[in-house]
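*Asks:* Below is the structure I would like to discuss, written out as structure tokens.
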Amino acid sequence: MTIPANSPTLRSWIPVAKDSDFPIQNIPFGIASWNGEAPVPATRIGDTVIDLSILADMGLLDGLGHSREAFLAPNLNALMAGGKQGIRALRQRLSELLQEGNATVRDDNATREDALLPLDQVTMHLPVEVGDYTDFYSSREHATNVGSLFRDPANALFPNWLHLPVGYHGRASSLIASGTPIHRPMGQTRPDPQAPPIFGPTKQLDLELEMGFFTFDGKPLGQRISTAEADEHIFGLVLFNDWSARDIQSWEYVPLGPFLAKNFASSMSAWVVTLDALEPFRIPGPVQDPAVLPYLKADDGAFDIALEAALAPEGGEATTICRTNFKHLYWSMAQQLAHHTVNGCNIRRGDLMASGTISGSTPDSFGSMLELTWRGTKPLTLANGEERKFIADGDTLILRGHAQKDGLRIGFGTLSTKVLPVVPFV
Ligand code: CA
């Protein structure tokens, strides 16, 4: 008898710690390499990474609509060609192979030793080759805070904000995997509004705590994806840090929006957690008032995913600086996708849509230093006693996220990025 991959009673023959983000009910997808070998698709149970190329080579993943070559690719794009049903079938097959009682891999010493690797011996890479990356601005609290800080507290939200999911086209070339450091960017700022602009390292380097989702194939140019169809086009989610330089941003962003303040780097977590795995954590979305136009009406709700950000100074312990939740977003993923395509703009397999900074209503739930320190006027104190208004060289930013209910925990692991000094001209 087939047991559904989300069944809470399932257990794996691979050990899973009680508080792990990766029980057998997760079965996320990522790209892993070890011993200098080529990166290949993988999944994870507990702290064990499973090389899908080995299982495919044994014929254990046949009959699901995926070519064997797709399991040798350095990204998940080929596996995503089968859409929702293809990934669903693969996740179900992996669940069956890895559940206790299934001896196929468990009792095959050679395959097990080849395919299973301890997490600490593995290098994780970008999971998807992203063609286009779009960043939304879907947290009402964040948009209100930024509008208050950059413009006018009395009119913090622009008139369009409650009527459409505001977004802008980001840059795919500077997307980086967890563990890849970034360098402090240089740029043009105007700290004194009465004086000419200056050039130098940003003094207001910031994180943006976000989540992102990847798309399967969309529709041809000129067609639209409705809110009801959106779910079928969404592969899964990752944690996302949209690095930002606030002093560069506030000077450059008029009238076309952020440019060099955002495109120097954006980091994502390693494991794509499918919407199927997150289904138990779907909850009603926020009430939208005023009512949205008919093409934006949606019933996909929200997902209850606890998120946090921590900052670790060089050589020091990490301090949690923010606790928030994915459910705080005003605009849903279906609304974002429907709005993005309503003019006939095509999305493609492997596109990335990020949520925008996810801030809650309390000051400890703000998803950026800009908001947490109210643009430097209320510095944070770290565990080692140091203060931060923005992010310093040597700091490591760590994002985490997980959903939990009735003893089931599905999570994303960590997204870790260290900030290095400016690169000198060479
Ligand atoms: Ca952003």
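Letters for chains follow the order of the structure tokens (A, B, ...), residue numbers begin at 1 for each chain, and ligand numbers begin at 1 in the order shown.
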Once you count only C-alpha atoms and all ligand atoms, which residues end up within 7 Å of ligand 1, and could you hand them over as a ChimeraX atom specification?
*Replies:* /A:135-137,208,242,356-357
*Asks:* Identify, with DSSP run on backbone atoms, the residues in segment 287-390 of chain A assigned to strand (DSSP E), and express the list as a list in words.
*Replies:* Ala302, Phe303, Ala306, Leu307, Glu308, Ala309, Ala310, Leu311, Ala312, Thr319, Thr320, Ile321, Cys322, Arg323, Thr324, Asn325, Leu352, Met353, Ala354, Leu380, Thr381, Glu387 and Arg388 of chain A
*Asks:* Rank nothing, just name the residue among A:Pro41, A:Gly167, A:Gly179, A:Gly147 nearest to Ser267 of chain A, using only C-alpha atoms.
*Replies:*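 Once distances to Ser267 of chain A are computed over only C-alpha atoms, the minimum belongs to A:Gly179.
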*Asks:* So the first atom is atom CA of Pro421 of chain A and the second is atom CA of Met211 of chain A; what is the distance between them in Å, to one decimal place?
*Replies:*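 Answer for the atom CA of Pro421 of chain A to atom CA of Met211 of chain A separation: 26.3 Å.
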*Asks:* If we count only C-alpha atoms, what is near Ser355 of chain A at a cut-off of 12 Å, once residues fewer than 3 positions away on the same chain are taken out, given as a VMD selection string?
*Replies:* chain A and resid 133 to 140 142 165 to 168 208 to 214 237 to 242 325 to 337 352 358 to 359 367
*Asks:* Using only C-alpha atoms, tabulate the residues of segment 100-167 of chain A lying at most 12 Å from any atom of segment 291-296 of chain A, each with its closest atom pair and that distance in Å to one decimal, by chain and increasing residue number, as a Markdown table.
*Replies:*
| residue | atom | partner | partner_atom | distance |
| --- | --- | --- | --- | --- |
| A:Asn160 | CA | A:Val292 | CA | 11.2 |
| A:Trp161 | CA | A:Val292 | CA | 11.0 |
| A:Leu162 | CA | A:Val292 | CA | 8.0 |
| A:His163 | CA | A:Val292 | CA | 5.9 |
| A:Leu164 | CA | A:Val292 | CA | 7.8 |
| A:Pro165 | CA | A:Leu296 | CA | 9.3 |
*Asks:* Any idea what's packed within 10 Å of Ala73 of chain A, counting only C-alpha atoms, ignoring anything in its chain fewer than 4 positions away? Could you give it as a short mmCIF file (atom, residue, chain, number, x, y, z; two decimals) with N, CA, C and O atoms, in the first residue's frame?
*Replies:*
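selection_39.cif was written with the following content:
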data_model
loop_
_atom_site.label_atom_id
_atom_site.label_comp_id
_atom_site.auth_asym_id
_atom_site.auth_seq_id
_atom_site.Cartn_x
_atom_site.Cartn_y
_atom_site.Cartn_z
N ILE A 31 21.14 20.92 -4.82
CA ILE A 31 22.26 20.51 -5.67
C ILE A 31 23.50 20.40 -4.79
O ILE A 31 23.89 21.37 -4.13
N ALA A 38 31.33 16.45 -9.74
CA ALA A 38 30.37 17.40 -10.32
C ALA A 38 29.11 17.47 -9.45
O ALA A 38 28.68 16.44 -8.91
N PRO A 39 28.54 18.66 -9.30
CA PRO A 39 27.30 18.80 -8.52
C PRO A 39 26.14 18.05 -9.18
O PRO A 39 26.01 18.05 -10.41
N VAL A 40 25.30 17.43 -8.34
CA VAL A 40 24.15 16.65 -8.83
C VAL A 40 22.94 16.90 -7.93
O VAL A 40 23.09 17.35 -6.78
N PRO A 41 21.74 16.59 -8.42
CA PRO A 41 20.54 16.72 -7.58
C PRO A 41 20.59 15.80 -6.36
O PRO A 41 21.12 14.69 -6.43
N SER A 53 21.55 10.98 -8.19
CA SER A 53 22.14 10.41 -9.42
C SER A 53 22.45 8.92 -9.22
O SER A 53 22.35 8.13 -10.16
N ARG A 68 17.22 10.09 -17.20
CA ARG A 68 18.37 9.83 -16.30
C ARG A 68 19.34 11.02 -16.31
O ARG A 68 19.98 11.31 -15.30
N GLU A 69 19.43 11.70 -17.46
CA GLU A 69 20.34 12.86 -17.55
C GLU A 69 19.93 13.97 -16.57
O GLU A 69 20.78 14.70 -16.07
N ASN A 77 16.71 22.41 -12.93
CA ASN A 77 15.82 22.87 -14.01
C ASN A 77 15.27 21.72 -14.85
O ASN A 77 14.10 21.72 -15.22
N ALA A 78 16.10 20.72 -15.16
CA ALA A 78 15.62 19.62 -16.00
C ALA A 78 14.58 18.79 -15.24
O ALA A 78 13.59 18.33 -15.82
N LEU A 79 14.79 18.59 -13.95
CA LEU A 79 13.80 17.85 -13.15
C LEU A 79 12.49 18.63 -13.03
O LEU A 79 11.43 18.04 -12.82
#
*Asks:* Rounded to one decimal place, report the atom CA of Thr417 of chain A-atom CA of Pro181 of chain A distance in Å.
*Replies:* 5.3 Å
*Asks:* Quick one: of A:Glu232, A:Asp206, A:Asp51, A:Asp19, who's nearest to Ile391 of chain A, counting only C-alpha atoms?
*Replies:*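 Closest to Ile391 of chain A of all the choices is A:Asp206.
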*Asks:* At a cut-off of 12 Å, using only C-alpha atoms, what residues contact Asn75 of chain A? Leave out same-chain residues fewer than 3 positions from it and give the result as a PyMOL selection string.
*Replies:* chain A and resi 29-33+38-42+69-72+78-81+124-130+270-272+349-350
*Asks:* For Gln85 of chain A, work out the shell of residues within 12 Å, counting only C-alpha atoms and skipping chain neighbours fewer than 2 positions away, then give it as a list in words.
*Replies:* Leu64, Gly65, His66, Leu79, Met80, Ala81, Gly82, Gly83, Ile87, Arg88, Ala89, Leu90, Arg91, Gln92, Phe216, Asp231, Glu232, His233, Ile234, Phe235, Thr274 and Asp276 of chain A
